[in-house]
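S.K.: For reference, the structure I am asking about is given below.
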Amino acid sequence: MLAGVSVEGRSIEAIDIAGSIAAPGVGALVFGAIHGDEPGSAELCRRFVAALSSNPPLYRTVVVPALNPDGLSRLTKNNARDVDLNRNFAARNWTRAHPPGYDPGPTPESEPESAALAALVAHLSPRAIVAVHQPFRCVNWDGTGEGLADDMALACGYPSVASVGYPTPGSFGSRYGVDEGRRVITLELPRPVPDGDWDGCLRALRCCTIFPPEP
Ligand SMILES: [Zn+2]
């Protein structure tokens with residue numbers, strides 16, 4: 001399905017994969033390339049879609065391989081208006097103050113790409129959400145994601161960490177993990193991704209699809 005359209009008119013595709021267990025709601029939402037200079041994150045999402053099409057997830061799973069297709073097309077971090085989309089979410093800690101290169105946009109969710117993701121979360125209310133990034137090689141959690149982060153870390157062999165070590169006002173994790181208490185994971189791949197890492201990262205993503213609906 002079409003989740004939205006970028007500043008330059010590129011489609012933001014969301015691939016919707018049915019689960020092997022018939023159950024209401026969405027088990028997991030996974031997205032990559034919110035930063036356009038992290039092409040390995042989009043590649044992992046594409047490989048995940050391929051893996052799920054031959055071996056379905058437990059619960060319905062939605063994958064957005066490239067949230068920032070304009071940035072990805074030129075391998076730049078920010079979107080076409082030079083906004084850092086991962087500082088543009090309507091979190092309580094959103095602020096206009098920012099270091100160079102981290103422009104959070106004029107207002108929260110001013111950008112079509114972040115607005116599309118916010119709309120998707122509101123529409124799907126997934127039980128786990130994974131943002132795939134590069135290059136820090138770790139699994140970071142917000143909200144209620146700690147147990148899942150530990151399972152994912154075991155699957156991929158990267159460390160599970162509570163903090164990336166610097167403030168992230170207006171980030172996706174701030175809005176949906178910290179503010180809303182959802183199960184939010186940031187899977188940070190190395191850059192580049194070594195050939196031997198893909199299988200473990202795919203196993204880590206599959207860990208996100210196993211949460212049943214609340215009774
Ligand atoms: Zn990133």
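Please note that chains go A, B, ... in the order of the structure tokens, that every chain numbers its residues from 1, and that ligands are numbered from 1 in the order shown.
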With only C-alpha atoms as the counted atoms, please give the residues lying no more than 12 Å from Pro99 of chain A, apart from itself and same-chain residues fewer than 2 positions off, as a list of chain:residue names.
M.R.: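 Close residues of Pro99 of chain A: A:Asp84, A:Arg87, A:Thr95, A:Arg96, A:Ala97, A:Gly101, A:Tyr102, A:Asp103, A:Pro104, A:Pro167, A:Thr168, A:Pro169.
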S.K.: If we count only C-alpha atoms and set the cut-off at 12 Å, which residues sit around segment 187-203 of chain A, ignoring sequence neighbours fewer than 4 positions away in its own chain? Please answer as a PyMOL selection string.
M.R.: chain A and resi 30-33+35+37-52+55+57+129-142+145+148-161+163-164+173+207-210
S.K.: With only C-alpha atoms as the atoms that count, which of A:Val184, A:Ile34, A:Ala22, A:Ile12 lies nearest to Asn78 of chain A?
M.R.: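 Using only C-alpha atoms, the shortest distance to Asn78 of chain A belongs to A:Ile34.
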S.K.: Nearest residue to Arg60 of chain A out of A:Ser20, A:Ser114, A:Thr186, A:Asn79, using only C-alpha atoms?
M.R.: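 For Arg60 of chain A, the nearest of the candidates is A:Ser20.
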S.K.: Using Å and a single decimal, report how far atom CA of Leu120 of chain A sits from atom CA of Phe172 of chain A.
M.R.: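 It comes out at 12.7 Å.
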S.K.: Can you work out which one of A:Leu85, A:Leu58, A:Met1, A:Ala14 has the shortest atom-to-atom distance to ligand 1, counting only C-alpha atoms and all ligand atoms?
M.R.: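 Closest to ligand 1, using only C-alpha atoms and all ligand atoms: A:Leu85.
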